[in-house]
file data_14.cif (mmCIF, C-alpha atoms and all ligand atoms)
data_input
#
loop_
_atom_site.label_atom_id
_atom_site.label_comp_id
_atom_site.auth_asym_id
_atom_site.auth_seq_id
_atom_site.Cartn_x
_atom_site.Cartn_y
_atom_site.Cartn_z
CA MET A 1 0.00 0.00 0.00
CA LEU A 2 1.34 3.33 -1.15
CA LEU A 3 -0.22 6.10 0.93
CA HIS A 4 0.24 9.87 0.98
CA ILE A 5 0.12 11.25 4.54
CA PRO A 6 -0.47 15.02 4.29
CA ASP A 7 0.52 17.68 6.84
CA VAL A 8 2.83 15.69 9.10
CA LEU A 9 4.74 18.93 9.77
CA THR A 10 3.50 22.52 9.55
CA SER A 11 5.37 24.94 7.28
CA ASP A 12 6.81 26.63 10.42
CA GLU A 13 8.12 23.29 11.67
CA VAL A 14 9.68 22.54 8.27
CA ALA A 15 11.29 26.01 8.16
CA GLY A 16 12.72 25.53 11.68
CA MET A 17 14.21 22.15 10.79
CA ARG A 18 15.61 23.42 7.50
CA LYS A 19 17.32 26.33 9.27
CA GLN A 20 19.06 23.96 11.67
CA MET A 21 20.10 21.64 8.83
CA ASP A 22 21.57 24.48 6.73
CA GLY A 23 24.55 24.87 9.02
CA ALA A 24 24.98 21.14 9.65
CA GLY A 25 27.88 18.97 8.51
CA TRP A 26 26.44 16.66 5.83
CA THR A 27 28.45 13.53 5.04
CA ASP A 28 28.47 10.83 2.34
CA GLY A 29 25.22 8.83 2.42
CA ARG A 30 27.11 5.59 1.78
CA GLU A 31 27.84 5.53 5.55
CA THR A 32 24.63 3.58 6.12
CA VAL A 33 24.41 1.10 3.23
CA GLY A 34 25.89 -2.23 2.28
CA PRO A 35 27.92 -2.86 -0.90
CA GLN A 36 24.82 -3.26 -3.12
CA GLY A 37 23.44 0.15 -2.10
CA ALA A 38 26.86 1.84 -2.18
CA ARG A 39 27.17 1.20 -5.92
CA VAL A 40 24.06 3.22 -6.76
CA LYS A 41 23.79 5.78 -3.93
CA ARG A 42 25.03 9.32 -4.38
CA ASN A 43 23.68 11.70 -1.75
CA LEU A 44 24.48 13.34 1.56
CA GLN A 45 23.14 12.52 5.01
CA LEU A 46 23.33 13.94 8.50
CA PRO A 47 25.80 11.64 10.29
CA GLN A 48 24.09 8.87 12.23
CA ALA A 49 25.81 9.92 15.47
CA SER A 50 25.07 13.64 15.14
CA PRO A 51 23.06 15.14 18.05
CA LEU A 52 21.19 17.33 15.53
CA ARG A 53 20.06 14.23 13.58
CA LYS A 54 18.82 12.65 16.79
CA ALA A 55 16.97 15.82 17.87
CA LEU A 56 15.33 16.34 14.49
CA GLY A 57 14.49 12.63 14.30
CA ASP A 58 12.73 12.84 17.67
CA GLN A 59 10.76 15.82 16.33
CA VAL A 60 9.64 13.76 13.30
CA VAL A 61 8.57 10.82 15.48
CA ALA A 62 6.62 13.17 17.79
CA ALA A 63 4.82 14.73 14.81
CA LEU A 64 3.88 11.29 13.44
CA GLY A 65 2.58 10.37 16.88
CA ARG A 66 -0.01 13.14 16.54
CA HIS A 67 -1.18 12.00 13.09
CA PRO A 68 -4.24 9.70 13.13
CA LEU A 69 -3.97 8.60 9.47
CA TYR A 70 -0.32 7.62 9.93
CA HIS A 71 -1.24 5.48 12.93
CA ALA A 72 -4.21 3.85 11.22
CA ALA A 73 -2.16 3.04 8.11
CA VAL A 74 1.16 1.96 9.62
CA LEU A 75 0.20 0.51 13.04
CA PRO A 76 3.76 1.20 14.24
CA LEU A 77 5.41 -1.15 16.74
CA ARG A 78 9.05 -0.04 16.48
CA THR A 79 10.44 2.91 14.54
CA LEU A 80 14.06 3.33 13.59
CA SER A 81 15.23 6.83 14.52
CA PRO A 82 14.66 8.96 11.38
CA ARG A 83 17.56 9.95 9.15
CA PHE A 84 17.93 12.95 6.86
CA ASN A 85 19.24 13.11 3.35
CA ARG A 86 20.11 15.72 0.77
CA TYR A 87 20.39 15.24 -2.99
CA GLU A 88 21.91 17.95 -5.17
CA GLY A 89 24.27 18.39 -8.14
CA GLY A 90 23.05 15.28 -9.97
CA GLY A 91 22.83 13.19 -6.79
CA GLU A 92 20.58 10.14 -7.07
CA TYR A 93 19.93 6.71 -5.61
CA GLY A 94 19.48 3.92 -8.16
CA PHE A 95 17.04 1.02 -7.80
CA HIS A 96 17.55 -0.85 -4.56
CA ILE A 97 15.64 -2.67 -1.87
CA ASP A 98 15.91 -1.64 1.76
CA GLY A 99 17.52 -4.07 4.21
CA ALA A 100 15.01 -6.40 5.91
CA VAL A 101 16.35 -6.07 9.45
CA MET A 102 18.04 -2.96 10.74
CA ALA A 103 20.01 -2.44 13.90
CA VAL A 104 21.60 0.75 15.12
CA ASP A 105 23.77 1.14 18.23
CA GLY A 106 21.63 1.24 21.31
CA GLU A 107 18.36 0.49 19.51
CA ALA A 108 16.43 -2.76 19.21
CA HIS A 109 16.41 -4.59 15.87
CA VAL A 110 13.68 -3.36 13.58
CA ARG A 111 12.18 -5.49 10.80
CA SER A 112 11.44 -3.05 8.01
CA ASP A 113 7.78 -3.51 7.06
CA VAL A 114 7.02 0.08 6.09
CA SER A 115 9.36 2.65 4.54
CA CYS A 116 8.57 6.31 4.98
CA THR A 117 9.88 9.43 3.25
CA LEU A 118 8.94 12.81 4.72
CA PHE A 119 9.60 15.61 2.25
CA LEU A 120 11.32 18.71 3.67
CA ALA A 121 11.73 20.70 0.44
CA ASP A 122 8.89 21.88 -1.78
CA PRO A 123 8.74 20.50 -5.35
CA GLU A 124 9.41 24.00 -6.75
CA GLU A 125 12.79 24.13 -5.00
CA TYR A 126 14.39 21.40 -7.14
CA ASP A 127 14.20 19.54 -10.44
CA GLY A 128 14.31 15.76 -10.50
CA GLY A 129 14.44 13.94 -7.17
CA GLU A 130 11.26 11.94 -7.77
CA LEU A 131 10.90 8.88 -5.58
CA ILE A 132 10.02 6.02 -7.94
CA ILE A 133 8.40 3.01 -6.32
CA SER A 134 8.05 -0.14 -8.39
CA ASP A 135 5.42 -2.76 -7.58
CA LEU A 136 3.13 -5.25 -9.37
CA TYR A 137 1.04 -2.36 -10.69
CA GLY A 138 4.00 -0.59 -12.32
CA GLU A 139 6.13 2.39 -11.34
CA HIS A 140 4.76 5.19 -9.16
CA GLU A 141 6.35 8.63 -9.13
CA VAL A 142 6.20 10.56 -5.87
CA LYS A 143 7.16 14.18 -5.21
CA LEU A 144 5.23 15.79 -2.37
CA PRO A 145 4.97 19.22 -0.72
CA ALA A 146 7.29 19.90 2.22
CA GLY A 147 5.74 18.50 5.40
CA ASP A 148 3.96 15.61 3.63
CA ALA A 149 5.03 11.97 3.80
CA ILE A 150 4.67 8.83 1.70
CA VAL A 151 4.54 5.36 3.25
CA TYR A 152 5.13 2.24 1.15
CA PRO A 153 6.01 -1.42 1.68
CA SER A 154 9.71 -1.90 2.41
CA SER A 155 9.57 -4.91 0.11
CA SER A 156 9.29 -2.60 -2.95
CA LEU A 157 12.14 -1.77 -5.29
CA HIS A 158 12.58 2.01 -5.37
CA ARG A 159 14.93 4.75 -6.50
CA VAL A 160 15.40 8.53 -6.39
CA THR A 161 15.99 10.22 -9.76
CA PRO A 162 18.94 12.64 -10.21
CA VAL A 163 18.45 16.14 -8.80
CA THR A 164 19.51 18.54 -11.55
CA ARG A 165 18.60 21.87 -9.87
CA GLY A 166 18.39 22.91 -6.23
CA ALA A 167 18.40 20.45 -3.36
CA ARG A 168 15.97 17.74 -2.32
CA ILE A 169 15.93 17.41 1.45
CA ALA A 170 13.96 14.69 3.20
CA SER A 171 13.71 12.54 6.27
CA PHE A 172 13.44 8.78 5.83
CA PHE A 173 12.98 5.88 8.19
CA TRP A 174 11.64 2.36 8.60
CA VAL A 175 8.94 0.97 10.81
CA GLN A 176 8.18 -2.48 12.10
CA SER A 177 4.41 -2.69 12.08
CA LEU A 178 2.20 -4.59 14.52
CA VAL A 179 0.87 -6.24 11.34
CA ARG A 180 3.58 -7.61 9.08
CA ASP A 181 1.39 -8.28 6.04
CA ASP A 182 0.78 -5.26 3.84
CA SER A 183 -2.60 -6.46 2.54
CA ALA A 184 -3.85 -7.12 6.09
CA ARG A 185 -2.77 -3.60 7.11
CA ARG A 186 -4.68 -2.25 4.17
CA LEU A 187 -7.89 -4.07 5.16
CA LEU A 188 -7.58 -2.70 8.69
CA LEU A 189 -7.09 0.83 7.38
CA GLU A 190 -10.15 0.53 5.13
CA MET A 191 -12.27 -0.75 8.02
CA ASP A 192 -10.96 1.94 10.38
CA THR A 193 -11.73 4.63 7.79
CA ALA A 194 -15.27 3.32 7.23
CA ILE A 195 -15.98 3.14 10.98
CA ARG A 196 -14.80 6.74 11.47
CA LYS A 197 -17.01 7.91 8.62
CA LEU A 198 -20.05 6.04 9.93
CA SER A 199 -19.49 7.62 13.36
CA ALA A 200 -19.16 11.10 11.84
CA ASP A 201 -22.35 10.52 9.81
CA GLY A 202 -24.29 9.58 12.98
CA ALA A 203 -24.87 5.91 12.01
CA ASP A 204 -26.50 3.40 14.34
CA GLN A 205 -24.34 3.04 17.48
CA ALA A 206 -24.88 -0.70 17.95
CA SER A 207 -23.68 -1.41 14.41
CA ILE A 208 -20.63 0.81 14.87
CA LEU A 209 -19.84 -1.04 18.09
CA GLN A 210 -20.09 -4.38 16.31
CA LEU A 211 -17.80 -3.24 13.48
CA THR A 212 -15.33 -1.80 16.00
CA GLY A 213 -15.30 -5.22 17.66
CA VAL A 214 -14.53 -6.89 14.32
CA TYR A 215 -11.67 -4.41 13.74
CA HIS A 216 -10.09 -5.18 17.10
CA ASN A 217 -10.57 -8.91 16.75
CA LEU A 218 -8.87 -8.89 13.35
CA LEU A 219 -6.04 -6.82 14.84
CA ARG A 220 -5.79 -9.30 17.72
CA ARG A 221 -5.54 -12.13 15.19
CA TRP A 222 -2.86 -10.46 13.08
CA ALA A 223 -0.81 -8.39 15.54
CA GLU A 224 2.67 -9.58 16.50
CA THR A 225 4.41 -7.82 19.37
NI NI A 301 15.66 2.92 0.09
#
call {"tool": "encode", "arguments": {"input": "data_14.cif", "output": "structure tokens"}}
result
Amino acid sequence: MLLHIPDVLTSDEVAGMRKQMDGAGWTDGRETVGPQGARVKRNLQLPQASPLRKALGDQVVAALGRHPLYHAAVLPLRTLSPRFNRYEGGGEYGFHIDGAVMAVDGEAHVRSDVSCTLFLADPEEYDGGELIISDLYGEHEVKLPAGDAIVYPSSSLHRVTPVTRGARIASFFWVQSLVRDDSARRLLLEMDTAIRKLSADGADQASILQLTGVYHNLLRRWAET
């Protein structure tokens, strides 16, 4: 499931983060990939150990924690502390697949079920830099306003096209979901969305209660903690 999550950060929050990142020491993005990724990755990242990366990452996680659609869609169990990247001057990241299990010093292992990119530069600021996600239905091109995020299955092949003008700045991270299976997560999101709409429309309370019970019993069946 490829899902656009709008308004994760306000424009003021994006501006504040961008200001802090402007003066930061960006380093080669190949710090955090294996040999397969290193062959096709040309970008910059905030160093994994940098206190600024950690602080901004915490800010991203806090913002996601306030977003009901993100929660309903991702059902997060463990989130790897967000990272930040910058593509400019032709920088790109060729087709690759994200590692299945990630471990970072001091953090638990995270199985990557869901990949997330949070855009921190507006599309007008740069040319190129589309995130291309390839799945059974073809290739999907994603370039979102600053403050918006895309979530997609970590099992997808994906790439970032060369940035030929300006700079593409984003945060990216992986999440282990309570529900490993992407199609099961999608069913739960659809049911959750329908229940919310029925409630907002003033539908019969007993029926809403019954559907809410079905939602939780499916989640109980599928959740792994
Ligand atoms: Ni990737």
call {"tool": "residues_near_ligand", "arguments": {"input": "data_14.cif", "ligand": "ligand NI 301 (chain A)", "cutoff": "10 Å", "atoms": "only C-alpha atoms and all ligand atoms", "output": "PyMOL selection string"}}
result
chain A and resi 33+37+41+93-99+115-117+131+133+154-160+172-174
call {"tool": "write_last_selection", "arguments": {"input": "data_14.cif", "atoms": "C-alpha atoms", "output": "PDB file, keeping the file's coordinate frame"}}
result
ATOM      1  CA  VAL A  33      24.410   1.100   3.230  1.00  0.00           C
ATOM      2  CA  GLY A  37      23.440   0.150  -2.100  1.00  0.00           C
ATOM      3  CA  LYS A  41      23.790   5.780  -3.930  1.00  0.00           C
ATOM      4  CA  TYR A  93      19.930   6.710  -5.610  1.00  0.00           C
ATOM      5  CA  GLY A  94      19.480   3.920  -8.160  1.00  0.00           C
ATOM      6  CA  PHE A  95      17.040   1.020  -7.800  1.00  0.00           C
ATOM      7  CA  HIS A  96      17.550  -0.850  -4.560  1.00  0.00           C
ATOM      8  CA  ILE A  97      15.640  -2.670  -1.870  1.00  0.00           C
ATOM      9  CA  ASP A  98      15.910  -1.640   1.760  1.00  0.00           C
ATOM     10  CA  GLY A  99      17.520  -4.070   4.210  1.00  0.00           C
ATOM     11  CA  SER A 115       9.360   2.650   4.540  1.00  0.00           C
ATOM     12  CA  CYS A 116       8.570   6.310   4.980  1.00  0.00           C
ATOM     13  CA  THR A 117       9.880   9.430   3.250  1.00  0.00           C
ATOM     14  CA  LEU A 131      10.900   8.880  -5.580  1.00  0.00           C
ATOM     15  CA  ILE A 133       8.400   3.010  -6.320  1.00  0.00           C
ATOM     16  CA  SER A 154       9.710  -1.900   2.410  1.00  0.00           C
ATOM     17  CA  SER A 155       9.570  -4.910   0.110  1.00  0.00           C
ATOM     18  CA  SER A 156       9.290  -2.600  -2.950  1.00  0.00           C
ATOM     19  CA  LEU A 157      12.140  -1.770  -5.290  1.00  0.00           C
ATOM     20  CA  HIS A 158      12.580   2.010  -5.370  1.00  0.00           C
ATOM     21  CA  ARG A 159      14.930   4.750  -6.500  1.00  0.00           C
ATOM     22  CA  VAL A 160      15.400   8.530  -6.390  1.00  0.00           C
ATOM     23  CA  PHE A 172      13.440   8.780   5.830  1.00  0.00           C
ATOM     24  CA  PHE A 173      12.980   5.880   8.190  1.00  0.00           C
ATOM     25  CA  TRP A 174      11.640   2.360   8.600  1.00  0.00           C
TER      26      TRP A 174
END
call {"tool": "closest_residue", "arguments": {"input": "data_14.cif", "among": "A:Pro51, A:Pro6, A:Gly202, A:Gly91", "to": "Asp28 in chain A", "atoms": "all atoms listed in the file"}}
result
A:Gly91
call {"tool": "atom_distance", "arguments": {"input": "data_14.cif", "atom1": "CA of Leu187 in chain A", "atom2": "CA of Asp201 in chain A"}}
result
21.1 Å
call {"tool": "residues_around", "arguments": {"input": "data_14.cif", "residues": "Gly16 in chain A", "least_positions_apart": "5", "cutoff": "12 Å", "atoms": "all atoms listed in the file", "output": "PyMOL selection string"}}
result
chain A and resi 9-11+21-22+56+59+120+147
call {"tool": "residues_around", "arguments": {"input": "data_14.cif", "residues": "Arg220 in chain A", "least_positions_apart": "5", "cutoff": "10 Å", "atoms": "all atoms listed in the file", "output": "list in words"}}
result
Leu178, Val179, Val214 and Tyr215 of chain A
call {"tool": "write_last_selection", "arguments": {"input": "data_14.cif", "atoms": "C-alpha atoms", "output": "PDB file, in the frame of the given file"}}
result
ATOM      1  CA  LEU A 178       2.200  -4.590  14.520  1.00  0.00           C
ATOM      2  CA  VAL A 179       0.870  -6.240  11.340  1.00  0.00           C
ATOM      3  CA  VAL A 214     -14.530  -6.890  14.320  1.00  0.00           C
ATOM      4  CA  TYR A 215     -11.670  -4.410  13.740  1.00  0.00           C
TER       5      TYR A 215
END
call {"tool": "closest_residue", "arguments": {"input": "data_14.cif", "among": "A:Leu44, A:Ala63, A:Ile150, A:Ala170", "to": "Gly90 in chain A", "atoms": "only C-alpha atoms"}}
result
A:Leu44
call {"tool": "atom_distance", "arguments": {"input": "data_14.cif", "atom1": "CA of Asp127 in chain A", "atom2": "CA of Met17 in chain A"}}
result
21.4 Å
call {"tool": "closest_residue", "arguments": {"input": "data_14.cif", "among": "A:Leu189, A:Leu198, A:Met1, A:Ala73", "to": "Ser177 in chain A", "atoms": "all atoms listed in the file"}}
result
A:Ala73
call {"tool": "closest_residue", "arguments": {"input": "data_14.cif", "among": "A:Ala206, A:Leu211, A:Ile169, A:Ile132", "to": "Ala146 in chain A", "atoms": "all atoms listed in the file"}}
result
A:Ile169
call {"tool": "residues_around", "arguments": {"input": "data_14.cif", "residues": "His109 in chain A", "least_positions_apart": "6", "cutoff": "9 Å", "atoms": "all atoms listed in the file", "output": "PyMOL selection string"}}
result
chain A and resi 78+80+101-103
call {"tool": "atom_distance", "arguments": {"input": "data_14.cif", "atom1": "CA of Asp122 in chain A", "atom2": "CA of Arg83 in chain A"}}
result
18.4 Å
call {"tool": "residues_around", "arguments": {"input": "data_14.cif", "residues": "Tyr87 in chain A", "least_positions_apart": "3", "cutoff": "6 Å", "atoms": "only C-alpha atoms", "output": "PyMOL selection string"}}
result
chain A and resi 43+91+167-168
call {"tool": "axis_aligned_box", "arguments": {"input": "data_14.cif", "around": "range 150-157 of chain A", "padding_each_side": "6 Å", "output": "JSON"}}
result
{"center_x": 8.3, "center_y": 2.0, "center_z": -1.0, "size_x": 19.6, "size_y": 25.7, "size_z": 20.5}
call {"tool": "closest_residue", "arguments": {"input": "data_14.cif", "among": "A:Leu46, A:Val40, A:Val110, A:Leu188", "to": "Glu92 in chain A", "atoms": "only C-alpha atoms"}}
result
A:Val40
call {"tool": "closest_residue", "arguments": {"input": "data_14.cif", "among": "A:Glu13, A:Ser171, A:His67, A:Glu139", "to": "Gln45 in chain A", "atoms": "all atoms listed in the file"}}
result
A:Ser171
call {"tool": "build_atoms", "arguments": {"input": "data_14.cif", "residues": "range 150-161 of chain A", "atoms": "all heavy atoms", "output": "PDB file, in the frame of the given file"}}
result
ATOM      1  N   ILE A 150       5.189   9.993   2.423  1.00  0.00           N
ATOM      2  CA  ILE A 150       4.670   8.830   1.700  1.00  0.00           C
ATOM      3  C   ILE A 150       5.096   7.594   2.493  1.00  0.00           C
ATOM      4  O   ILE A 150       6.226   7.524   2.975  1.00  0.00           O
ATOM      5  CB  ILE A 150       5.204   8.785   0.247  1.00  0.00           C
ATOM      6  CG1 ILE A 150       4.544   7.671  -0.557  1.00  0.00           C
ATOM      7  CG2 ILE A 150       6.717   8.640   0.183  1.00  0.00           C
ATOM      8  CD1 ILE A 150       3.274   8.071  -1.203  1.00  0.00           C
ATOM      9  N   VAL A 151       4.166   6.653   2.659  1.00  0.00           N
ATOM     10  CA  VAL A 151       4.540   5.360   3.250  1.00  0.00           C
ATOM     11  C   VAL A 151       4.317   4.278   2.197  1.00  0.00           C
ATOM     12  O   VAL A 151       3.360   4.347   1.425  1.00  0.00           O
ATOM     13  CB  VAL A 151       3.754   5.037   4.550  1.00  0.00           C
ATOM     14  CG1 VAL A 151       4.139   5.994   5.654  1.00  0.00           C
ATOM     15  CG2 VAL A 151       2.255   5.059   4.336  1.00  0.00           C
ATOM     16  N   TYR A 152       5.229   3.313   2.151  1.00  0.00           N
ATOM     17  CA  TYR A 152       5.130   2.240   1.150  1.00  0.00           C
ATOM     18  C   TYR A 152       5.795   0.986   1.700  1.00  0.00           C
ATOM     19  O   TYR A 152       6.604   1.060   2.639  1.00  0.00           O
ATOM     20  CB  TYR A 152       5.762   2.689  -0.177  1.00  0.00           C
ATOM     21  CG  TYR A 152       7.210   3.102  -0.122  1.00  0.00           C
ATOM     22  CD1 TYR A 152       8.218   2.221  -0.496  1.00  0.00           C
ATOM     23  CD2 TYR A 152       7.572   4.379   0.296  1.00  0.00           C
ATOM     24  CE1 TYR A 152       9.547   2.602  -0.450  1.00  0.00           C
ATOM     25  CE2 TYR A 152       8.912   4.759   0.342  1.00  0.00           C
ATOM     26  CZ  TYR A 152       9.885   3.869  -0.041  1.00  0.00           C
ATOM     27  OH  TYR A 152      11.201   4.254   0.007  1.00  0.00           O
ATOM     28  N   PRO A 153       5.445  -0.184   1.134  1.00  0.00           N
ATOM     29  CA  PRO A 153       6.010  -1.420   1.680  1.00  0.00           C
ATOM     30  C   PRO A 153       7.524  -1.458   1.480  1.00  0.00           C
ATOM     31  O   PRO A 153       8.014  -1.171   0.384  1.00  0.00           O
ATOM     32  CB  PRO A 153       5.338  -2.529   0.862  1.00  0.00           C
ATOM     33  CG  PRO A 153       4.199  -1.893   0.159  1.00  0.00           C
ATOM     34  CD  PRO A 153       4.525  -0.439   0.015  1.00  0.00           C
ATOM     35  N   SER A 154       8.250  -1.829   2.504  1.00  0.00           N
ATOM     36  CA  SER A 154       9.710  -1.900   2.410  1.00  0.00           C
ATOM     37  C   SER A 154      10.156  -2.984   1.439  1.00  0.00           C
ATOM     38  O   SER A 154      11.317  -3.025   1.036  1.00  0.00           O
ATOM     39  CB  SER A 154      10.319  -2.168   3.786  1.00  0.00           C
ATOM     40  OG  SER A 154       9.961  -1.147   4.683  1.00  0.00           O
ATOM     41  N   SER A 155       9.243  -3.842   1.055  1.00  0.00           N
ATOM     42  CA  SER A 155       9.570  -4.910   0.110  1.00  0.00           C
ATOM     43  C   SER A 155       9.638  -4.402  -1.336  1.00  0.00           C
ATOM     44  O   SER A 155      10.001  -5.162  -2.233  1.00  0.00           O
ATOM     45  CB  SER A 155       8.522  -6.024   0.206  1.00  0.00           C
ATOM     46  OG  SER A 155       7.221  -5.478   0.066  1.00  0.00           O
ATOM     47  N   SER A 156       9.300  -3.123  -1.578  1.00  0.00           N
ATOM     48  CA  SER A 156       9.290  -2.600  -2.950  1.00  0.00           C
ATOM     49  C   SER A 156      10.677  -2.166  -3.398  1.00  0.00           C
ATOM     50  O   SER A 156      11.426  -1.576  -2.629  1.00  0.00           O
ATOM     51  CB  SER A 156       8.394  -1.361  -3.064  1.00  0.00           C
ATOM     52  OG  SER A 156       7.303  -1.411  -2.222  1.00  0.00           O
ATOM     53  N   LEU A 157      10.959  -2.395  -4.678  1.00  0.00           N
ATOM     54  CA  LEU A 157      12.140  -1.770  -5.290  1.00  0.00           C
ATOM     55  C   LEU A 157      11.833  -0.288  -5.453  1.00  0.00           C
ATOM     56  O   LEU A 157      10.713   0.082  -5.810  1.00  0.00           O
ATOM     57  CB  LEU A 157      12.384  -2.351  -6.677  1.00  0.00           C
ATOM     58  CG  LEU A 157      13.170  -3.650  -6.791  1.00  0.00           C
ATOM     59  CD1 LEU A 157      13.191  -4.095  -8.244  1.00  0.00           C
ATOM     60  CD2 LEU A 157      14.593  -3.461  -6.268  1.00  0.00           C
ATOM     61  N   HIS A 158      12.830   0.570  -5.214  1.00  0.00           N
ATOM     62  CA  HIS A 158      12.580   2.010  -5.370  1.00  0.00           C
ATOM     63  C   HIS A 158      13.884   2.729  -5.680  1.00  0.00           C
ATOM     64  O   HIS A 158      14.974   2.176  -5.486  1.00  0.00           O
ATOM     65  CB  HIS A 158      11.913   2.580  -4.118  1.00  0.00           C
ATOM     66  CG  HIS A 158      12.674   2.311  -2.865  1.00  0.00           C
ATOM     67  ND1 HIS A 158      12.568   1.137  -2.180  1.00  0.00           N
ATOM     68  CD2 HIS A 158      13.587   3.047  -2.196  1.00  0.00           C
ATOM     69  CE1 HIS A 158      13.365   1.163  -1.137  1.00  0.00           C
ATOM     70  NE2 HIS A 158      14.008   2.311  -1.115  1.00  0.00           N
ATOM     71  N   ARG A 159      13.754   3.942  -6.190  1.00  0.00           N
ATOM     72  CA  ARG A 159      14.930   4.750  -6.500  1.00  0.00           C
ATOM     73  C   ARG A 159      14.573   6.220  -6.386  1.00  0.00           C
ATOM     74  O   ARG A 159      13.384   6.577  -6.324  1.00  0.00           O
ATOM     75  CB  ARG A 159      15.445   4.446  -7.910  1.00  0.00           C
ATOM     76  CG  ARG A 159      14.552   4.943  -9.028  1.00  0.00           C
ATOM     77  CD  ARG A 159      15.100   4.482 -10.376  1.00  0.00           C
ATOM     78  NE  ARG A 159      14.230   4.854 -11.451  1.00  0.00           N
ATOM     79  CZ  ARG A 159      14.505   5.818 -12.352  1.00  0.00           C
ATOM     80  NH1 ARG A 159      15.633   6.501 -12.269  1.00  0.00           N
ATOM     81  NH2 ARG A 159      13.658   6.098 -13.312  1.00  0.00           N
ATOM     82  N   VAL A 160      15.595   7.077  -6.353  1.00  0.00           N
ATOM     83  CA  VAL A 160      15.400   8.530  -6.390  1.00  0.00           C
ATOM     84  C   VAL A 160      16.123   9.032  -7.636  1.00  0.00           C
ATOM     85  O   VAL A 160      17.312   8.744  -7.836  1.00  0.00           O
ATOM     86  CB  VAL A 160      15.961   9.203  -5.118  1.00  0.00           C
ATOM     87  CG1 VAL A 160      15.850  10.722  -5.219  1.00  0.00           C
ATOM     88  CG2 VAL A 160      15.215   8.707  -3.878  1.00  0.00           C
ATOM     89  N   THR A 161      15.405   9.769  -8.487  1.00  0.00           N
ATOM     90  CA  THR A 161      15.990  10.220  -9.760  1.00  0.00           C
ATOM     91  C   THR A 161      16.968  11.376  -9.503  1.00  0.00           C
ATOM     92  O   THR A 161      16.885  12.062  -8.471  1.00  0.00           O
ATOM     93  CB  THR A 161      14.889  10.668 -10.743  1.00  0.00           C
ATOM     94  OG1 THR A 161      14.253  11.828 -10.211  1.00  0.00           O
ATOM     95  CG2 THR A 161      13.848   9.576 -10.953  1.00  0.00           C
TER      96      THR A 161
END
